[in-house]
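One structure below.
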Amino acid sequence: MAGRPVTLDDLRPLAQSNYGHFTAFRTRGGAVQGLDLHLARLREGHATLFDAPFDEPALLAQLRQALHRVEDASVRITGFARDFDYRDPLKPVTPQWLISVADARPAAPAGPLALKSYAFVRPLPQIKHIATLPLFHYRRQARLAGADDALFVEAAGQGARVVEGSVWNIGFWDGGEVLWPQGPALRGTCEALLQRGLDALGVPQRHAEVTLEQAGTLAAFTANANGCTPVSGIDGRPLPAAPELLALLARALDTQPWDRP
């Protein structure tokens with residue numbers, strides 16, 4: 001089914017009910033890195049929020065239409081339903097896609113980032129849903145406190161498990177291997193691409209619980225659709241520097257192909 005320009009009536013349900021899911025990525029030369037990961041994310045969101053079938057060919061056709069003659073861009077695909085009614089959430093609905101295309105955003109900030117920890121776990125962490133208010137609230141609180149961004153942990157205290165950040169995953173580096181913290185977090189596409197790339201390079205990596213206290217002894221980086229950024233400290237505690245780390249992560253990402261929709 002062909003897409004069409006969005007109208008105010010299309011946007012009203014998103015503004016009023018805030019019920020939906022999305023993925024976001026950058027295109028380069030009209031291609032997407034980790035396209036399979038983004039499609040898997042949207043498929044899971046559709047199934048969880050709408051119990052709806054996922055028509056991948058139709059979505060890709062709409063994406064190609066939206067990207068017509070566009071080479072480099074920032075893209076967001078949102079799944080929502082104009083006929084969703086919170087008063088009758090079991091009513092069958094017809095989900096739709098909202099595809100937003102904007103000028104390509106710059107790569108991740110050079111950083112490094114100073115983080116402030118907050119006890120918070122996002123609801124439905126396996127879904128990239130549009131209920132983003134807590135994420136931006138804690139980022140704002142971190143900025144007010146003099147930090148750059150918010151790091152989420154399961155509970156207060158140095159023994160709490162690190163889970164993720166406001167709009168990114170976090171990884172740690174001990175000089176020999178990458179450590180991915182286990183916990184209830186949204187698993188990002190950049191994180192998955194890095195894991196594939198590190199495997200391709202033969203770099204050791206593992207998943208394990210990382211407490212806030214342990215995190216203070218390791219080099220760290222953030223990862224999302226805009227790339228990777230080093231972390232300088234957490235809660236005012238400086239982290240070890242790892243000047244070789246960003247180059248390693250860049251090489252890992254470079255192993256992963258860019259696919260046209």
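Ligands are numbered from 1 in the order shown, residues from 1 within each chain, and chains are lettered A, B, ... in the order they appear in the structure tokens.
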Please extract the residues of region 83-176 of chain A with a backbone DSSP assignment of alpha helix (DSSP H) and present them as a ChimeraX atom specification. /A:133-144
Go through region 13-87 of chain A residue by residue and, counting only C-alpha atoms, keep those with an atom at most 12 Å from region 227-230 of chain A; for each kept residue give the shortest atom pair and its distance in Å to one decimal, ordered by chain and increasing number, as CSV.
```
residue,atom,partner,partner_atom,distance
A:Phe25,CA,A:Gly227,CA,10.4
A:Arg26,CA,A:Gly227,CA,10.1
A:Gln33,CA,A:Gly227,CA,11.5
```
Expected file: the selected residues, N, CA and C atoms, as a compact mmCIF listing (two decimals), in the first residue's frame:
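File produced: result25.txt:
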```txt
# COMPACT_ATOMS: atom_id res chain seq x y z
N PHE A 25 16.92 5.35 12.75
CA PHE A 25 18.21 5.01 12.17
C PHE A 25 18.65 6.12 11.22
N ARG A 26 19.91 6.03 10.81
CA ARG A 26 20.44 6.93 9.79
C ARG A 26 20.61 6.16 8.49
N GLN A 33 22.14 0.49 7.98
CA GLN A 33 22.95 -0.52 8.66
C GLN A 33 22.10 -1.22 9.71
```
Using only C-alpha atoms, which residues of region 117-177 of chain A come within 12 Å of region 204-208 of chain A, and what is the closest atom pair for each, with the distance in Å to one decimal? Give it as JSON lines, sorted by chain and residue number.
```
{"residue": "A:Arg161", "atom": "CA", "partner": "A:Ala208", "partner_atom": "CA", "distance": 9.9}
{"residue": "A:Val162", "atom": "CA", "partner": "A:Ala208", "partner_atom": "CA", "distance": 10.3}
{"residue": "A:Val163", "atom": "CA", "partner": "A:Ala208", "partner_atom": "CA", "distance": 10.8}
{"residue": "A:Ile170", "atom": "CA", "partner": "A:His207", "partner_atom": "CA", "distance": 11.8}
{"residue": "A:Gly171", "atom": "CA", "partner": "A:His207", "partner_atom": "CA", "distance": 9.7}
{"residue": "A:Phe172", "atom": "CA", "partner": "A:Gln205", "partner_atom": "CA", "distance": 9.7}
{"residue": "A:Trp173", "atom": "CA", "partner": "A:Gln205", "partner_atom": "CA", "distance": 9.1}
{"residue": "A:Asp174", "atom": "CA", "partner": "A:Gln205", "partner_atom": "CA", "distance": 10.4}
{"residue": "A:Gly175", "atom": "CA", "partner": "A:Pro204", "partner_atom": "CA", "distance": 10.4}
{"residue": "A:Gly176", "atom": "CA", "partner": "A:Pro204", "partner_atom": "CA", "distance": 7.1}
{"residue": "A:Glu177", "atom": "CA", "partner": "A:Pro204", "partner_atom": "CA", "distance": 4.8}
```
If you run DSSP on this backbone, which residues of region 33-146 of chain A come out as strand (DSSP E or B), and could you give them as a PyMOL selection string? chain A and resi 33+73-80+96-103+113-119+129
Expressed in Å, the length from CA of Asp254 (chain A) to CA of His38 (chain A) is 17.8 Å
Polymer residues at most 10 Å from Leu60 (chain A), only C-alpha atoms, same-chain spacing of 6 or more positions, as a ChimeraX atom specification: /A:39,66,260-261
Take the residues from that selection and put them in a file with all heavy atoms, as a JSON list (two decimals), in the first residue's frame.
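Below is the file again-v6.json, written as the result:
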```
[["chain", "number", "residue", "atom", "x", "y", "z"],
["A", 39, "LEU", "N", 13.80, -4.11, 11.53],
["A", 39, "LEU", "CA", 12.57, -4.80, 11.16],
["A", 39, "LEU", "C", 12.13, -5.76, 12.27],
["A", 39, "LEU", "O", 10.94, -5.86, 12.57],
["A", 39, "LEU", "CB", 12.76, -5.56, 9.85],
["A", 39, "LEU", "CG", 12.94, -4.68, 8.61],
["A", 39, "LEU", "CD1", 13.31, -5.54, 7.40],
["A", 39, "LEU", "CD2", 11.68, -3.88, 8.32],
["A", 66, "ALA", "N", 9.32, 6.89, 0.94],
["A", 66, "ALA", "CA", 9.72, 8.03, 1.77],
["A", 66, "ALA", "C", 11.15, 8.46, 1.49],
["A", 66, "ALA", "O", 11.50, 9.64, 1.62],
["A", 66, "ALA", "CB", 9.54, 7.69, 3.24],
["A", 260, "ARG", "N", 20.07, -1.66, 1.33],
["A", 260, "ARG", "CA", 18.98, -0.84, 0.82],
["A", 260, "ARG", "C", 17.65, -1.52, 1.13],
["A", 260, "ARG", "O", 17.55, -2.74, 1.01],
["A", 260, "ARG", "CB", 19.12, -0.62, -0.69],
["A", 260, "ARG", "CG", 20.22, 0.37, -1.05],
["A", 260, "ARG", "CD", 20.20, 0.70, -2.53],
["A", 260, "ARG", "NE", 21.16, 1.77, -2.83],
["A", 260, "ARG", "CZ", 20.85, 3.06, -2.76],
["A", 260, "ARG", "NH1", 19.62, 3.43, -2.44],
["A", 260, "ARG", "NH2", 21.76, 3.98, -3.03],
["A", 261, "PRO", "N", 16.65, -0.74, 1.53],
["A", 261, "PRO", "CA", 15.34, -1.34, 1.85],
["A", 261, "PRO", "C", 14.75, -2.05, 0.63],
["A", 261, "PRO", "O", 14.99, -1.67, -0.51],
["A", 261, "PRO", "CB", 14.48, -0.13, 2.25],
["A", 261, "PRO", "CG", 15.47, 0.93, 2.62],
["A", 261, "PRO", "CD", 16.67, 0.71, 1.76]]
```
So, with only C-alpha atoms as the atoms that count, which of A:Ser74, A:Ser17, A:Thr7, A:Thr94 lies closest to Phe50 (chain A)?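 Among A:Ser74, A:Ser17, A:Thr7, A:Thr94, it is A:Thr94 that comes nearest to Phe50 (chain A).
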Given the choices A:Leu201, A:Gly29, A:Ala155, A:Leu14, which gets closest to Asp259 (chain A) if the distance is worked out from only C-alpha atoms?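 So, comparing all the options, the nearest one is A:Gly29.
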Show me, as a VMD selection string, the residues that have an atom within 8 Å of Asp72 (chain A) when counting only C-alpha atoms, minus same-chain residues fewer than 3 positions from it. chain A and resid 26 to 30 103 to 104
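You can rank A:Ala142, A:Leu198, A:Val210, A:Ala31 by their closest distance to Glu154 (chain A) using only C-alpha atoms, and at the top of that list sits A:Val210.
Within the 12 Å cut-off around Leu90 (chain A), using only C-alpha atoms and omitting residues fewer than 5 positions from it on the same chain, the listed residues are A:Leu49, A:Phe50, A:Asp51, A:Asp83, A:Phe84, A:Asp85.
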Provide the CA of Leu124 (chain A) to CA of Arg43 (chain A) distance in Å, to one decimal place.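 Those two atoms sit 15.0 Å apart.
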Nearest residue to Ala40 (chain A) out of A:Thr189, A:Tyr86, A:Phe221, A:Leu239, using only C-alpha atoms?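 Selected residue with least distance to Ala40 (chain A): A:Thr189.
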